[in-house]
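*Asks:* Sending over a structure as structure tokens; questions will come in a sec.
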Amino acid sequence: MIKWGVAAGTHDGSLAVVKGNDILFASHSERYSRIKNDAHLDQEMIDEALSFGHPDIIYWYEDPYKKALRKLYAGQPNKWMNPKKYLTQWGIHNVSIKYGNHHESHAAAGYSTSNFSNAAVLVIDAIGEFTTTSISLYKNKRGNNYSSSCLFRRSYPWSLGLFYSAITDRVGLKPNEDEYILMGMAAYGRPRWVYDMRKLLSSGYNFHKGCRHFFPDADEFDLAASAQVVYEEELIKLLKLTRSLTGEKNLVLMGGCALNCLANRHTHDYFNNVWIMPNPGDAGSSIGAIAAAEKQKLNWKTPYLGENIEGKYPVKNAIEELLKNKIVGVASGRAEFGPRALGNRSLLADPTGQEMKDAVNKIKKRQEFRPFAPVILEEDVHKYFDVERGFTSPYMQYIVRAKEPTKYPAIVHRDGSSRVQTVNKLQHEGLWRLLNQYKKHTGTPMLLNTSLNIKGEPMVNTRKDADNFQAKYNIKVV
Ligand SMILES: [Fe+2]
């Protein structure tokens, strides 16, 4: 039986295909339509999904009735979306469509892809239907079956996600898209506005209305630093509550706020084991919608679930190019499902020296303050970063301290931290071999790793996109 999960209509549309408990395909619409954060489905993506078989059932990631009601309550322009009609537009007829629940889809995406039997699941996001924060207990039953119960929820208009997005908008960035830039700005500011922000949040102010006229004359970096402090304070409160309500030592953290890798470091203070699905935002809910409806765990093996560029991982060509020009694009295998390039649609570069940071920033046309992330052999991570031997971060979800920040300015933030990706042989043999080869030639087991995309465009998806990148920037994509 072929099951589809669909998350579409708001931002970052996605589609997942599951057969039995195996995830056969999952991708973001934007990768096919080439429209950043495309909210809607895309015909090419649908055709790719159909190559795995016609769906027998489709699970929609939220409840369109409840969402319409909330929009009415919020005074938002209420464009009622009928998923059945919507899917008909894309040529999908005569398939049963079942509606889910926004937070349950988030929670199930996380739990069903984790390796935990039992877990506490904390979901923090901006808004779906009414719930904006939820704590649930998930328990494995016989086989892949599980049961879940929601123990706590907070509802609209109180929302940590809307708070963080409103500050993103206040500093002149794009809400629902640029929150990670606000997080990066935090290291450059002073948290002078914490008291005022705390007060606003606890007063129940509806951040959905924005706060463009608040904090007049405030420095934008100070606002970013303040928002980060307030978010982390609230996250810590929620982590404590999650632990006490569930008694669990395993945590699954989901929702768009789980992308705040700076704050995620606190999770290990309250839980022994933590799983954050590499696509914890709404796009990941295409997988979650299926798991939630069927109350079934899924066989999560890899985040490389999208479009396939055939061929062996180009270790030899990439090394040649790195040794010659210090920079190379890699477009190989199946594309990452999630916002981070994890080696299959990556721009890799020498992590030493300031000039490489400037060179890559020029290509990406990013704000100068934004650092790049390193990808490093798992067995060497403790030599370069302040972590214990055995530390893993396969999906770039945690910030760690660099031991020699001045030696690697391209991959270290102003506060001396790095958002690290660790690699072992089992996780990605090609990338692991590439890093080993690079270490053999240079002594460094690490590379700068950023997403392979033309400024303002989604990540490269197909070989044609890779060729466009190569032609535009004159950087070889192997
Ligand atoms: Fe969400």
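Quick note on naming: the chains in the structure tokens go A, B, ... in the order shown, residues restart at 1 in each chain, and ligands are numbered from 1 in order of appearance.
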All residues within 7 Å of ligand 1 are required, counting only C-alpha atoms and all ligand atoms; please report them as a list in words.
*Replies:*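 Every residue with an atom at most 7 Å from ligand 1 is listed here: His102, His103, His106, Asp125, Ala126, Ile127, Gly128, Gly255, Gly256, Gly281 and Asp282 of chain A.
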*Asks:* Where does segment 315-413 of chain A meet segment 187-190 of chain A within 12 Å, residue by residue, with the nearest atom pair and distance in Å to one decimal for each, counting only C-alpha atoms, listed by chain and rising number, as a Markdown table?
*Replies:*
| residue | atom | partner | partner_atom | distance |
| --- | --- | --- | --- | --- |
| A:Glu368 | CA | A:Tyr188 | CA | 11.8 |
| A:Phe369 | CA | A:Tyr188 | CA | 8.3 |
| A:Arg370 | CA | A:Ala187 | CA | 10.1 |
| A:Pro371 | CA | A:Ala187 | CA | 11.0 |
| A:Val412 | CA | A:Ala187 | CA | 11.6 |
| A:His413 | CA | A:Ala187 | CA | 8.0 |
*Asks:* So how far away is atom CA of Val478 of chain A from atom CA of Ala318 of chain A, in Å?
*Replies:*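 Computed distance, atom CA of Ala318 of chain A to atom CA of Val478 of chain A, equals 6.4 Å.
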*Asks:* Check the smallest atom-to-atom distance from each of A:Tyr156, A:Trp275, A:Trp300, A:Tyr164 to Ile287 of chain A using only C-alpha atoms, then report the winner.
*Replies:*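 Closest to Ile287 of chain A of all the choices is A:Trp300.
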*Asks:* In terms of the shortest atom-to-atom distance over only C-alpha atoms, which of A:Leu238, A:Leu24, A:Val423, A:Met254 is closest to Glu307 of chain A?
*Replies:*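 Once distances to Glu307 of chain A are computed over only C-alpha atoms, the minimum belongs to A:Leu24.
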*Asks:* Can you measure atom CA of Val18 of chain A to atom CA of Glu44 of chain A for me? One decimal in Å is fine.
*Replies:* 18.3 Å
*Asks:* Nearest to Ile35 of chain A: which of A:Val477, A:Leu298, A:Leu160, A:Gly456 is it, counting only C-alpha atoms?
*Replies:*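 Nearest candidate to Ile35 of chain A out of A:Val477, A:Leu298, A:Leu160, A:Gly456: A:Gly456.
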